[in-house]
>>> print(open('model-v6.pdb').read())   # PDB, C-alpha atoms
MODEL        1
ATOM      1  CA  MET A   1     -70.688-106.931-137.966
ATOM      2  CA  THR A   2     -69.300-105.926-141.374
ATOM      3  CA  SER A   3     -67.323-102.819-140.578
ATOM      4  CA  GLY A   4     -66.289-100.649-137.677
ATOM      5  CA  GLY A   5     -66.312-101.125-133.936
ATOM      6  CA  LYS A   6     -64.186-101.678-130.853
ATOM      7  CA  ILE A   7     -63.520-104.809-128.814
ATOM      8  CA  TYR A   8     -62.004-104.144-125.402
ATOM      9  CA  VAL A   9     -60.347-106.969-123.486
ATOM     10  CA  ALA A  10     -60.469-106.171-119.780
ATOM     11  CA  PRO A  11     -57.607-107.344-117.548
ATOM     12  CA  GLY A  12     -57.703-111.109-117.030
ATOM     13  CA  THR A  13     -56.785-114.357-118.759
ATOM     14  CA  TYR A  14     -59.248-115.528-121.414
ATOM     15  CA  THR A  15     -58.739-119.107-122.597
ATOM     16  CA  LEU A  16     -60.194-119.322-126.086
ATOM     17  CA  THR A  17     -61.302-122.388-128.002
ATOM     18  CA  SER A  18     -62.756-122.410-131.526
ATOM     19  CA  ALA A  19     -64.183-119.064-132.661
ATOM     20  CA  PRO A  20     -65.755-117.659-129.493
ATOM     21  CA  ILE A  21     -65.512-114.265-131.217
ATOM     22  CA  ASN A  22     -66.486-114.644-134.870
ATOM     23  CA  LEU A  23     -66.930-111.550-137.027
ATOM     24  CA  GLY A  24     -68.450-112.594-140.330
ATOM     25  CA  GLY A  25     -66.575-115.908-140.588
ATOM     26  CA  GLY A  26     -62.995-116.924-139.955
ATOM     27  CA  ASN A  27     -63.910-119.817-137.681
ATOM     28  CA  TRP A  28     -60.378-121.249-137.676
ATOM     29  CA  ALA A  29     -59.237-118.507-135.311
ATOM     30  CA  ALA A  30     -60.351-117.933-131.745
ATOM     31  CA  VAL A  31     -60.975-114.286-132.682
ATOM     32  CA  GLY A  32     -61.918-114.711-136.350
ATOM     33  CA  SER A  33     -62.958-112.386-139.137
ATOM     34  CA  THR A  34     -63.735-112.438-142.850
ATOM     35  CA  SER A  35     -64.090-109.139-144.732
ATOM     36  CA  VAL A  36     -64.648-107.086-141.601
ATOM     37  CA  SER A  37     -62.721-103.820-141.531
ATOM     38  CA  ASN A  38     -62.006-100.873-139.236
ATOM     39  CA  ILE A  39     -61.842-102.838-135.982
ATOM     40  CA  GLU A  40     -59.950-101.807-132.867
ATOM     41  CA  LEU A  41     -59.092-104.816-130.696
ATOM     42  CA  TYR A  42     -57.285-103.749-127.557
ATOM     43  CA  GLY A  43     -56.664-104.377-123.906
ATOM     44  CA  ALA A  44     -55.012-102.877-120.863
ATOM     45  CA  GLY A  45     -51.531-104.145-121.727
ATOM     46  CA  ASN A  46     -49.953-107.409-120.563
ATOM     47  CA  SER A  47     -52.699-107.860-117.985
ATOM     48  CA  SER A  48     -55.196-108.526-120.815
ATOM     49  CA  ILE A  49     -54.330-112.066-121.979
ATOM     50  CA  LEU A  50     -55.819-113.977-124.903
ATOM     51  CA  GLN A  51     -54.677-117.589-124.508
ATOM     52  CA  LEU A  52     -55.293-120.388-127.003
ATOM     53  CA  GLY A  53     -57.061-123.310-125.374
ATOM     54  CA  THR A  54     -55.596-126.796-125.285
ATOM     55  CA  ASN A  55     -56.060-128.582-128.642
ATOM     56  CA  ALA A  56     -57.723-125.524-130.185
ATOM     57  CA  ASN A  57     -55.191-125.982-133.019
ATOM     58  CA  GLY A  58     -55.860-122.658-134.716
ATOM     59  CA  ALA A  59     -54.817-119.051-134.648
ATOM     60  CA  VAL A  60     -55.542-116.810-131.696
ATOM     61  CA  ILE A  61     -56.494-113.869-133.954
ATOM     62  CA  GLY A  62     -56.957-114.332-137.673
ATOM     63  CA  GLY A  63     -58.944-114.228-140.851
ATOM     64  CA  VAL A  64     -59.179-112.969-144.417
ATOM     65  CA  ASN A  65     -59.570-109.396-145.704
ATOM     66  CA  MET A  66     -59.011-107.913-142.262
ATOM     67  CA  ASN A  67     -58.333-104.348-143.406
ATOM     68  CA  HIS A  68     -57.734-101.334-141.167
ATOM     69  CA  TRP A  69     -57.505-103.312-137.937
ATOM     70  CA  PHE A  70     -55.738-101.752-134.950
ATOM     71  CA  ILE A  71     -54.666-104.464-132.497
ATOM     72  CA  HIS A  72     -52.838-103.154-129.465
ATOM     73  CA  ASP A  73     -52.012-103.458-125.780
ATOM     74  CA  LEU A  74     -52.641-107.183-125.447
ATOM     75  CA  GLN A  75     -50.781-110.311-124.409
ATOM     76  CA  VAL A  76     -51.292-113.220-126.820
ATOM     77  CA  ASN A  77     -50.346-116.703-125.604
ATOM     78  CA  GLY A  78     -50.261-119.420-128.282
ATOM     79  CA  ASN A  79     -49.972-122.231-125.698
ATOM     80  CA  ARG A  80     -47.828-124.233-128.120
ATOM     81  CA  ALA A  81     -47.255-127.023-125.606
ATOM     82  CA  GLY A  82     -51.014-127.608-125.524
ATOM     83  CA  GLN A  83     -51.571-127.896-129.299
ATOM     84  CA  SER A  84     -51.695-131.348-130.895
ATOM     85  CA  ASP A  85     -51.636-130.182-134.535
ATOM     86  CA  SER A  86     -48.231-129.960-136.260
ATOM     87  CA  GLY A  87     -48.927-126.540-137.759
ATOM     88  CA  ALA A  88     -48.200-127.809-141.283
ATOM     89  CA  SER A  89     -51.538-126.700-142.782
ATOM     90  CA  PRO A  90     -53.672-123.513-142.546
ATOM     91  CA  PRO A  91     -53.882-121.615-140.275
ATOM     92  CA  TYR A  92     -50.459-123.008-139.363
ATOM     93  CA  LEU A  93     -50.922-122.277-135.658
ATOM     94  CA  ILE A  94     -49.775-118.692-136.222
ATOM     95  CA  CYS A  95     -50.803-116.520-133.282
ATOM     96  CA  ILE A  96     -51.936-113.551-135.424
ATOM     97  CA  PHE A  97     -52.642-114.592-139.032
ATOM     98  CA  MET A  98     -54.154-111.869-141.247
ATOM     99  CA  TYR A  99     -54.393-113.068-144.850
ATOM    100  CA  ASP A 100     -55.049-110.787-147.852
ATOM    101  CA  SER A 101     -55.157-107.888-145.433
ATOM    102  CA  SER A 102     -53.962-104.284-145.697
ATOM    103  CA  ASN A 103     -53.491-101.139-143.632
ATOM    104  CA  ASP A 104     -53.366-102.949-140.315
ATOM    105  CA  LEU A 105     -51.455-101.772-137.248
ATOM    106  CA  LEU A 106     -50.126-104.071-134.537
ATOM    107  CA  GLU A 107     -48.676-102.175-131.584
ATOM    108  CA  HIS A 108     -47.698-102.786-127.960
ATOM    109  CA  LEU A 109     -48.311-106.539-128.107
ATOM    110  CA  TYR A 110     -46.603-109.385-126.256
ATOM    111  CA  ILE A 111     -46.952-112.527-128.386
ATOM    112  CA  HIS A 112     -45.391-115.708-127.098
ATOM    113  CA  ASP A 113     -45.297-119.494-127.165
ATOM    114  CA  CYS A 114     -46.801-119.851-130.631
ATOM    115  CA  LYS A 115     -46.421-123.227-132.359
ATOM    116  CA  THR A 116     -45.083-121.487-135.492
ATOM    117  CA  TYR A 117     -45.057-117.680-136.047
ATOM    118  CA  ALA A 118     -46.010-114.792-133.820
ATOM    119  CA  THR A 119     -47.492-112.973-136.847
ATOM    120  CA  GLN A 120     -48.039-113.438-140.558
ATOM    121  CA  ILE A 121     -49.660-110.494-142.310
ATOM    122  CA  GLY A 122     -50.320-110.188-146.053
ATOM    123  CA  PRO A 123     -50.335-110.284-148.976
ATOM    124  CA  GLY A 124     -51.333-106.673-148.709
ATOM    125  CA  SER A 125     -50.033-103.145-148.247
ATOM    126  CA  GLY A 126     -49.408-100.681-145.464
ATOM    127  CA  ASP A 127     -49.220-103.140-142.569
ATOM    128  CA  ASP A 128     -47.124-101.997-139.599
ATOM    129  CA  ILE A 129     -45.781-103.862-136.556
ATOM    130  CA  LEU A 130     -44.535-101.476-133.874
ATOM    131  CA  ASP A 131     -43.137-101.620-130.335
ATOM    132  CA  SER A 132     -44.152-105.234-129.731
ATOM    133  CA  GLN A 133     -42.509-108.357-128.304
ATOM    134  CA  ALA A 134     -42.337-111.912-129.650
ATOM    135  CA  ALA A 135     -40.900-114.588-127.376
ATOM    136  CA  ASN A 136     -40.304-118.339-127.509
ATOM    137  CA  ASN A 137     -42.121-118.969-130.764
ATOM    138  CA  ALA A 138     -41.214-122.292-132.336
ATOM    139  CA  ALA A 139     -40.556-121.010-135.877
ATOM    140  CA  ASN A 140     -40.535-117.253-136.648
ATOM    141  CA  GLY A 141     -41.064-114.096-134.673
ATOM    142  CA  PHE A 142     -42.661-111.336-136.754
ATOM    143  CA  MET A 143     -43.387-112.081-140.414
ATOM    144  CA  THR A 144     -44.965-110.096-143.238
ATOM    145  CA  TYR A 145     -45.805-112.030-146.399
ATOM    146  CA  GLY A 146     -45.988-110.376-149.798
ATOM    147  CA  ASP A 147     -46.580-107.054-148.102
ATOM    148  CA  SER A 148     -45.617-103.591-149.374
ATOM    149  CA  ASN A 149     -45.198-100.128-147.870
ATOM    150  CA  GLY A 150     -45.010-101.501-144.348
ATOM    151  CA  VAL A 151     -42.905-100.711-141.275
ATOM    152  CA  ILE A 152     -41.481-103.122-138.676
ATOM    153  CA  GLU A 153     -40.005-100.897-135.993
ATOM    154  CA  GLY A 154     -39.031-100.917-132.332
ATOM    155  CA  ASN A 155     -39.859-104.578-131.704
ATOM    156  CA  THR A 156     -38.100-107.245-129.655
ATOM    157  CA  VAL A 157     -37.796-110.907-130.626
ATOM    158  CA  ASN A 158     -36.356-113.193-127.959
ATOM    159  CA  GLY A 159     -36.433-116.858-128.916
ATOM    160  CA  ALA A 160     -37.268-118.385-132.311
ATOM    161  CA  SER A 161     -35.858-121.251-134.362
ATOM    162  CA  ASP A 162     -36.065-120.130-137.994
ATOM    163  CA  VAL A 163     -36.230-116.337-138.561
ATOM    164  CA  GLY A 164     -36.547-113.571-135.999
ATOM    165  CA  ILE A 165     -38.028-110.952-138.366
ATOM    166  CA  ASP A 166     -39.051-112.211-141.806
ATOM    167  CA  ILE A 167     -39.845-109.851-144.706
ATOM    168  CA  SER A 168     -41.079-112.444-147.144
ATOM    169  CA  GLY A 169     -42.082-112.304-150.764
ATOM    170  CA  SER A 170     -44.928-114.444-152.075
ATOM    171  CA  GLY A 171     -46.503-114.815-155.499
ATOM    172  CA  THR A 172     -45.838-111.100-155.874
ATOM    173  CA  THR A 173     -42.744-109.160-154.894
ATOM    174  CA  SER A 174     -42.760-107.494-151.499
ATOM    175  CA  THR A 175     -41.719-103.852-151.925
ATOM    176  CA  ASN A 176     -40.901-100.683-150.000
ATOM    177  CA  MET A 177     -40.465-102.206-146.557
ATOM    178  CA  LEU A 178     -38.650-100.639-143.611
ATOM    179  CA  CYS A 179     -37.235-102.748-140.775
ATOM    180  CA  THR A 180     -35.548-100.501-138.222
ATOM    181  CA  GLY A 181     -34.700-100.193-134.542
ATOM    182  CA  ASN A 182     -35.544-103.798-133.636
ATOM    183  CA  TRP A 183     -33.790-106.126-131.176
ATOM    184  CA  VAL A 184     -33.478-109.802-132.104
ATOM    185  CA  TYR A 185     -32.048-112.339-129.649
ATOM    186  CA  ASN A 186     -31.630-116.104-129.460
ATOM    187  CA  VAL A 187     -32.820-117.323-132.842
ATOM    188  CA  ASN A 188     -31.508-120.724-131.884
ATOM    189  CA  LEU A 189     -34.333-122.688-130.277
ATOM    190  CA  GLY A 190     -34.073-125.540-132.803
ATOM    191  CA  VAL A 191     -37.695-126.625-132.363
ATOM    192  CA  SER A 192     -39.459-125.575-135.601
ATOM    193  CA  PRO A 193     -42.375-127.906-136.452
ATOM    194  CA  TRP A 194     -41.039-128.086-140.027
ATOM    195  CA  GLY A 195     -37.421-128.600-139.116
ATOM    196  CA  LEU A 196     -36.465-125.239-140.648
ATOM    197  CA  ASN A 197     -33.907-124.302-138.058
ATOM    198  CA  THR A 198     -32.039-121.736-140.135
ATOM    199  CA  GLY A 199     -31.389-119.378-137.226
ATOM    200  CA  ILE A 200     -31.623-116.103-139.176
ATOM    201  CA  GLY A 201     -31.916-112.825-137.287
ATOM    202  CA  ILE A 202     -33.565-110.703-140.010
ATOM    203  CA  MET A 203     -34.361-111.948-143.514
ATOM    204  CA  ALA A 204     -35.490-110.326-146.766
ATOM    205  CA  GLY A 205     -36.702-112.692-149.455
ATOM    206  CA  ASP A 206     -37.977-115.797-147.705
ATOM    207  CA  ASN A 207     -40.536-117.604-149.962
ATOM    208  CA  GLY A 208     -40.179-115.003-152.730
ATOM    209  CA  PRO A 209     -38.435-111.827-153.855
ATOM    210  CA  THR A 210     -38.348-108.431-152.190
ATOM    211  CA  GLN A 211     -37.213-105.051-153.439
ATOM    212  CA  ASN A 212     -36.624-101.607-151.983
ATOM    213  CA  VAL A 213     -36.157-102.959-148.464
ATOM    214  CA  THR A 214     -34.211-101.058-145.796
ATOM    215  CA  ILE A 215     -32.863-102.961-142.787
ATOM    216  CA  SER A 216     -31.281-100.382-140.496
ATOM    217  CA  ASN A 217     -30.183 -99.759-136.923
ATOM    218  CA  ASN A 218     -31.190-103.169-135.608
ATOM    219  CA  TYR A 219     -29.407-105.171-132.893
ATOM    220  CA  ILE A 220     -29.042-108.917-133.507
ATOM    221  CA  GLN A 221     -27.507-111.379-131.060
ATOM    222  CA  GLY A 222     -27.162-115.162-131.022
ATOM    223  CA  ALA A 223     -28.242-116.011-134.584
ATOM    224  CA  ARG A 224     -26.630-118.355-137.092
ATOM    225  CA  LEU A 225     -26.922-115.734-139.845
ATOM    226  CA  GLY A 226     -27.360-112.145-138.687
ATOM    227  CA  ILE A 227     -29.020-110.588-141.747
ATOM    228  CA  ASP A 228     -29.937-112.589-144.865
ATOM    229  CA  SER A 229     -30.945-111.246-148.301
ATOM    230  CA  ASP A 230     -31.719-114.333-150.357
ATOM    231  CA  ALA A 231     -34.747-114.989-152.555
ATOM    232  CA  SER A 232     -33.125-117.769-154.595
ATOM    233  CA  PRO A 233     -33.995-118.823-157.272
ATOM    234  CA  ASP A 234     -35.570-115.363-157.694
ATOM    235  CA  ALA A 235     -33.611-112.176-157.088
ATOM    236  CA  ASN A 236     -33.997-109.449-154.511
ATOM    237  CA  ALA A 237     -33.317-105.890-155.629
ATOM    238  CA  ASN A 238     -32.321-102.648-153.938
ATOM    239  CA  ILE A 239     -31.703-103.929-150.426
ATOM    240  CA  THR A 240     -30.107-101.468-147.990
ATOM    241  CA  ILE A 241     -28.464-102.876-144.853
ATOM    242  CA  THR A 242     -26.979-100.104-142.746
ATOM    243  CA  GLY A 243     -26.150 -99.181-139.175
ATOM    244  CA  ASN A 244     -26.917-102.605-137.701
ATOM    245  CA  THR A 245     -25.046-104.175-134.787
ATOM    246  CA  ILE A 246     -24.576-107.930-135.031
ATOM    247  CA  VAL A 247     -22.992-109.987-132.250
ATOM    248  CA  GLY A 248     -22.547-113.666-131.510
ATOM    249  CA  THR A 249     -23.419-115.113-134.928
ATOM    250  CA  THR A 250     -22.088-118.608-135.609
ATOM    251  CA  LEU A 251     -21.789-118.644-139.429
ATOM    252  CA  TYR A 252     -22.057-115.301-141.283
ATOM    253  CA  ALA A 253     -22.874-111.860-139.968
ATOM    254  CA  ILE A 254     -24.503-110.878-143.292
ATOM    255  CA  TYR A 255     -25.455-113.337-146.040
ATOM    256  CA  LEU A 256     -26.177-112.005-149.547
ATOM    257  CA  VAL A 257     -27.332-114.224-152.437
ATOM    258  CA  ASP A 258     -28.922-113.259-155.786
ATOM    259  CA  THR A 259     -29.425-109.635-154.826
ATOM    260  CA  ASP A 260     -29.034-106.728-157.239
ATOM    261  CA  GLY A 261     -28.291-103.218-156.040
ATOM    262  CA  VAL A 262     -27.281-103.840-152.432
ATOM    263  CA  THR A 263     -25.975-101.140-150.133
ATOM    264  CA  VAL A 264     -24.261-102.635-147.096
ATOM    265  CA  GLU A 265     -22.439-100.078-145.010
ATOM    266  CA  ASN A 266     -21.654 -98.894-141.492
ATOM    267  CA  ASN A 267     -22.639-102.159-139.829
ATOM    268  CA  THR A 268     -20.828-103.494-136.763
ATOM    269  CA  LEU A 269     -19.921-107.168-137.148
ATOM    270  CA  PRO A 270     -18.673-109.723-134.606
ATOM    271  CA  PRO A 271     -15.029-110.809-134.577
ATOM    272  CA  GLY A 272     -14.181-113.580-137.017
ATOM    273  CA  GLN A 273     -17.408-113.135-138.955
ATOM    274  CA  THR A 274     -17.620-112.195-142.617
ATOM    275  CA  ILE A 275     -20.083-111.017-145.233
ATOM    276  CA  TYR A 276     -20.936-113.773-147.707
ATOM    277  CA  GLU A 277     -21.703-112.695-151.292
ATOM    278  CA  SER A 278     -22.903-114.758-154.266
ATOM    279  CA  GLY A 279     -24.634-113.291-157.318
ATOM    280  CA  VAL A 280     -24.606-109.799-155.806
ATOM    281  CA  THR A 281     -24.210-106.339-157.301
ATOM    282  CA  GLY A 282     -23.882-103.083-155.399
ATOM    283  CA  THR A 283     -21.748-101.580-152.668
ATOM    284  CA  VAL A 284     -20.407-103.298-149.558
ATOM    285  CA  THR A 285     -18.192-100.908-147.616
ATOM    286  CA  SER A 286     -17.292 -99.279-144.278
ATOM    287  CA  ASN A 287     -18.387-102.176-142.094
ATOM    288  CA  THR A 288     -16.532-102.522-138.791
ATOM    289  CA  THR A 289     -15.556-105.725-137.018
ATOM    290  CA  THR A 290     -15.464-105.547-133.234
ATOM    291  CA  THR A 291     -12.453-106.853-131.357
TER     292      THR A 291
ENDMDL
END
>>> encode(input="model-v6.pdb", output="structure tokens")
Amino acid sequence: MTSGGKIYVAPGTYTLTSAPINLGGGNWAAVGSTSVSNIELYGAGNSSILQLGTNANGAVIGGVNMNHWFIHDLQVNGNRAGQSDSGASPPYLICIFMYDSSNDLLEHLYIHDCKTYATQIGPGSGDDILDSQAANNAANGFMTYGDSNGVIEGNTVNGASDVGIDISGSGTTSTNMLCTGNWVYNVNLGVSPWGLNTGIGIMAGDNGPTQNVTISNNYIQGARLGIDSDASPDANANITITGNTIVGTTLYAIYLVDTDGVTVENNTLPPGQTIYESGVTGTVTSNTTTT
């Protein structure tokens, strides 16, 4: 198969080992692909379960140049307790790992118990993650990497150790990203395989710079840092943080470092929490602290 087609996962639990579904390569993922585009991979909702087998030590779904994939209505279980690999080398035990991939849509997924991230998509453009859940993943929830013109909307993250939603730069700047209407809880597991227990609710700039990013109308609870814009030693640019509700943070509600052209306004912050600024230009105004 080089392009086009549908894969339907009927209700049931499917325990996958190494590459039982291999589309043109990508044998480090249970469902693997290299340069295969226009695929719809879908199930009947949470009753259709793709589960990584014990000591499979790979991704559940992943590959390279996976363009125009529509993955939806599935449960993805990373079985992190059953993996012996540390996740320190590719494919990093990421549940859905789509590298150098563009114009992909992930929707109505429940992704849980991954050894590292629920998703990492990019570098690429036009990748969207919508109305999905990530739970009890040992590093990050949803992550895009060097991606542009993408939307992360209407998702829930409940349980991570490093970053709940991560809009990361890479060798190139990530641009024109929208992160809105998400719920992020309990980024405090403290079990990251790499010891990166930063406890950030939503971050722009991890691993490289971002620009023209809007983080709006999200709800964040139980993080160390609620929202973080920090691409040090590079600089983020034109980051808008507005209309978010942040509760129960333990250090800073919003953390801004090396960011030019910020707009931070109309956010609701927890009592006793502040906005940290270093090397920042722009406007920070009209934020309300709850009592």
>>> resolve_selection(input="model-v6.pdb", expression="the PyMOL selection byres ((chain A and resi 42) around 7)", output="PDB file with C-alpha atoms, in the coordinates of the input")
ATOM      1  CA  ILE A   7     -63.520-104.809-128.814  1.00  0.00           C
ATOM      2  CA  TYR A   8     -62.004-104.144-125.402  1.00  0.00           C
ATOM      3  CA  VAL A   9     -60.347-106.969-123.486  1.00  0.00           C
ATOM      4  CA  GLU A  40     -59.950-101.807-132.867  1.00  0.00           C
ATOM      5  CA  LEU A  41     -59.092-104.816-130.696  1.00  0.00           C
ATOM      6  CA  GLY A  43     -56.664-104.377-123.906  1.00  0.00           C
ATOM      7  CA  ILE A  71     -54.666-104.464-132.497  1.00  0.00           C
ATOM      8  CA  HIS A  72     -52.838-103.154-129.465  1.00  0.00           C
ATOM      9  CA  ASP A  73     -52.012-103.458-125.780  1.00  0.00           C
ATOM     10  CA  LEU A  74     -52.641-107.183-125.447  1.00  0.00           C
TER      11      LEU A  74
END
>>> residues_around(input="model-v6.pdb", residues="Trp183 of chain A", least_positions_apart="2", cutoff="9 Å", atoms="all atoms listed in the file", output="list in words")
Gly154, Asn155, Thr156, Val157, Asn158, Gly181, Tyr185, Asn218, Tyr219, Ile220 and Gln221 of chain A
>>> write_last_selection(input="model-v6.pdb", atoms="C-alpha atoms", output="CSV table (one decimal), keeping the file's coordinate frame")
chain,number,residue,atom,x,y,z
A,154,GLY,CA,-39.0,-100.9,-132.3
A,155,ASN,CA,-39.9,-104.6,-131.7
A,156,THR,CA,-38.1,-107.2,-129.7
A,157,VAL,CA,-37.8,-110.9,-130.6
A,158,ASN,CA,-36.4,-113.2,-128.0
A,181,GLY,CA,-34.7,-100.2,-134.5
A,185,TYR,CA,-32.0,-112.3,-129.6
A,218,ASN,CA,-31.2,-103.2,-135.6
A,219,TYR,CA,-29.4,-105.2,-132.9
A,220,ILE,CA,-29.0,-108.9,-133.5
A,221,GLN,CA,-27.5,-111.4,-131.1
>>> closest_residue(input="model-v6.pdb", among="A:Ala135, A:Met66, A:Val151, A:Leu93", to="Leu52 of chain A", atoms="all atoms listed in the file")
A:Leu93
>>> resolve_selection(input="model-v6.pdb", expression="the PyMOL selection byres ((chain A and resi 82) around 9)", output="PDB file with C-alpha atoms, in the frame of the given file")
ATOM      1  CA  LEU A  52     -55.293-120.388-127.003  1.00  0.00           C
ATOM      2  CA  GLY A  53     -57.061-123.310-125.374  1.00  0.00           C
ATOM      3  CA  THR A  54     -55.596-126.796-125.285  1.00  0.00           C
ATOM      4  CA  ASN A  55     -56.060-128.582-128.642  1.00  0.00           C
ATOM      5  CA  ALA A  56     -57.723-125.524-130.185  1.00  0.00           C
ATOM      6  CA  ASN A  57     -55.191-125.982-133.019  1.00  0.00           C
ATOM      7  CA  GLY A  78     -50.261-119.420-128.282  1.00  0.00           C
ATOM      8  CA  ASN A  79     -49.972-122.231-125.698  1.00  0.00           C
ATOM      9  CA  ARG A  80     -47.828-124.233-128.120  1.00  0.00           C
ATOM     10  CA  ALA A  81     -47.255-127.023-125.606  1.00  0.00           C
ATOM     11  CA  GLN A  83     -51.571-127.896-129.299  1.00  0.00           C
ATOM     12  CA  SER A  84     -51.695-131.348-130.895  1.00  0.00           C
TER      13      SER A  84
END
>>> resolve_selection(input="model-v6.pdb", expression="the PyMOL selection byres ((chain A and resi 191) around 10)", output="JSON, numbers by chain")
{"A": [115, 116, 136, 137, 138, 139, 160, 161, 162, 188, 189, 190, 192, 193, 194, 195, 196, 197]}
>>> residues_around(input="model-v6.pdb", residues="Thr144 of chain A", least_positions_apart="2", cutoff="9 Å", atoms="all atoms listed in the file", output="NGL selection string")
:A and (119-123 or 127 or 142 or 146-148 or 150 or 165-169 or 174)
>>> axis_aligned_box(input="model-v6.pdb", around="segment 77-91 of chain A", padding_each_side="6 Å", output="JSON")
{"center_x": -50.6, "center_y": -124.0, "center_z": -134.2, "size_x": 18.6, "size_y": 26.6, "size_z": 29.3}
>>> residues_near_point(input="model-v6.pdb", point="(-20.0, -101.6, -145.5)", cutoff="9 Å", atoms="all atoms listed in the file", output="PDB file with C-alpha atoms, keeping the file's coordinate frame")
ATOM      1  CA  ILE A 241     -28.464-102.876-144.853  1.00  0.00           C
ATOM      2  CA  THR A 242     -26.979-100.104-142.746  1.00  0.00           C
ATOM      3  CA  THR A 263     -25.975-101.140-150.133  1.00  0.00           C
ATOM      4  CA  VAL A 264     -24.261-102.635-147.096  1.00  0.00           C
ATOM      5  CA  GLU A 265     -22.439-100.078-145.010  1.00  0.00           C
ATOM      6  CA  ASN A 266     -21.654 -98.894-141.492  1.00  0.00           C
ATOM      7  CA  ASN A 267     -22.639-102.159-139.829  1.00  0.00           C
ATOM      8  CA  THR A 268     -20.828-103.494-136.763  1.00  0.00           C
ATOM      9  CA  THR A 283     -21.748-101.580-152.668  1.00  0.00           C
ATOM     10  CA  VAL A 284     -20.407-103.298-149.558  1.00  0.00           C
ATOM     11  CA  THR A 285     -18.192-100.908-147.616  1.00  0.00           C
ATOM     12  CA  SER A 286     -17.292 -99.279-144.278  1.00  0.00           C
ATOM     13  CA  ASN A 287     -18.387-102.176-142.094  1.00  0.00           C
ATOM     14  CA  THR A 288     -16.532-102.522-138.791  1.00  0.00           C
TER      15      THR A 288
END
>>> atom_distance(input="model-v6.pdb", atom1="atom CA of Thr249 of chain A", atom2="atom CA of Gln211 of chain A")
25.2 Å
>>> closest_residue(input="model-v6.pdb", among="A:Val184, A:Val262, A:Ile96, A:Ile239", to="Gly32 of chain A", atoms="all atoms listed in the file")
A:Ile96
>>> residues_around(input="model-v6.pdb", residues="Thr281 of chain A", least_positions_apart="3", cutoff="7 Å", atoms="only C-alpha atoms", output="PyMOL selection string")
chain A and resi 259-262
>>> atom_distance(input="model-v6.pdb", atom1="atom CA of Met203 of chain A", atom2="atom CA of Asn186 of chain A")
14.9 Å
>>> residues_around(input="model-v6.pdb", residues="Gly201 of chain A", least_positions_apart="2", cutoff="6 Å", atoms="all atoms listed in the file", output="list of chain:residue names")
A:Val163, A:Gly164, A:Ala223, A:Gly226, A:Ile227
>>> write_last_selection(input="model-v6.pdb", atoms="C-alpha atoms", output="tab-separated table (two decimals), in the coordinates of the input")
chain	number	residue	atom	x	y	z
A	163	VAL	CA	-36.23	-116.34	-138.56
A	164	GLY	CA	-36.55	-113.57	-136.00
A	223	ALA	CA	-28.24	-116.01	-134.58
A	226	GLY	CA	-27.36	-112.14	-138.69
A	227	ILE	CA	-29.02	-110.59	-141.75
>>> closest_residue(input="model-v6.pdb", among="A:Asn236, A:Gln133, A:Thr250, A:Ser18", to="Asn77 of chain A", atoms="only C-alpha atoms")
A:Gln133
>>> residues_around(input="model-v6.pdb", residues="Leu251 of chain A", least_positions_apart="2", cutoff="10 Å", atoms="all atoms listed in the file", output="list in words")
Gly199, Ala223, Arg224, Leu225, Gly226, Gly248, Thr249, Ala253, Ile254, Tyr255, Gly272, Gln273, Thr274, Ile275 and Tyr276 of chain A
>>> atom_distance(input="model-v6.pdb", atom1="atom CA of Pro20 of chain A", atom2="atom CA of Val60 of chain A")
10.5 Å
>>> residues_near_point(input="model-v6.pdb", point="(-59.7, -119.5, -121.1)", cutoff="10 Å", atoms="only C-alpha atoms", output="ChimeraX atom specification")
/A:12-17,49-54
>>> write_last_selection(input="model-v6.pdb", atoms="C-alpha atoms", output="short mmCIF file (atom, residue, chain, number, x, y, z; two decimals), in the frame of the given file")
data_model
loop_
_atom_site.label_atom_id
_atom_site.label_comp_id
_atom_site.auth_asym_id
_atom_site.auth_seq_id
_atom_site.Cartn_x
_atom_site.Cartn_y
_atom_site.Cartn_z
CA GLY A 12 -57.70 -111.11 -117.03
CA THR A 13 -56.78 -114.36 -118.76
CA TYR A 14 -59.25 -115.53 -121.41
CA THR A 15 -58.74 -119.11 -122.60
CA LEU A 16 -60.19 -119.32 -126.09
CA THR A 17 -61.30 -122.39 -128.00
CA ILE A 49 -54.33 -112.07 -121.98
CA LEU A 50 -55.82 -113.98 -124.90
CA GLN A 51 -54.68 -117.59 -124.51
CA LEU A 52 -55.29 -120.39 -127.00
CA GLY A 53 -57.06 -123.31 -125.37
CA THR A 54 -55.60 -126.80 -125.28
#
>>> closest_residue(input="model-v6.pdb", among="A:Glu277, A:Asp230, A:Glu153, A:Asp131", to="Tyr110 of chain A", atoms="all atoms listed in the file")
A:Asp131
>>> build_atoms(input="model-v6.pdb", residues="segment 219-223 of chain A", atoms="N, CA and C atoms", output="compact mmCIF listing (two decimals), in the coordinates of the input")
# COMPACT_ATOMS: atom_id res chain seq x y z
N TYR A 219 -30.38 -104.46 -133.71
CA TYR A 219 -29.41 -105.17 -132.89
C TYR A 219 -29.76 -106.65 -132.93
N ILE A 220 -28.80 -107.49 -133.34
CA ILE A 220 -29.04 -108.92 -133.51
C ILE A 220 -27.99 -109.69 -132.72
N GLN A 221 -28.43 -110.62 -131.88
CA GLN A 221 -27.51 -111.38 -131.06
C GLN A 221 -27.93 -112.85 -131.04
N GLY A 222 -26.92 -113.73 -131.21
CA GLY A 222 -27.16 -115.16 -131.02
C GLY A 222 -27.88 -115.84 -132.17
N ALA A 223 -27.66 -115.36 -133.41
CA ALA A 223 -28.24 -116.01 -134.58
C ALA A 223 -27.15 -116.79 -135.33
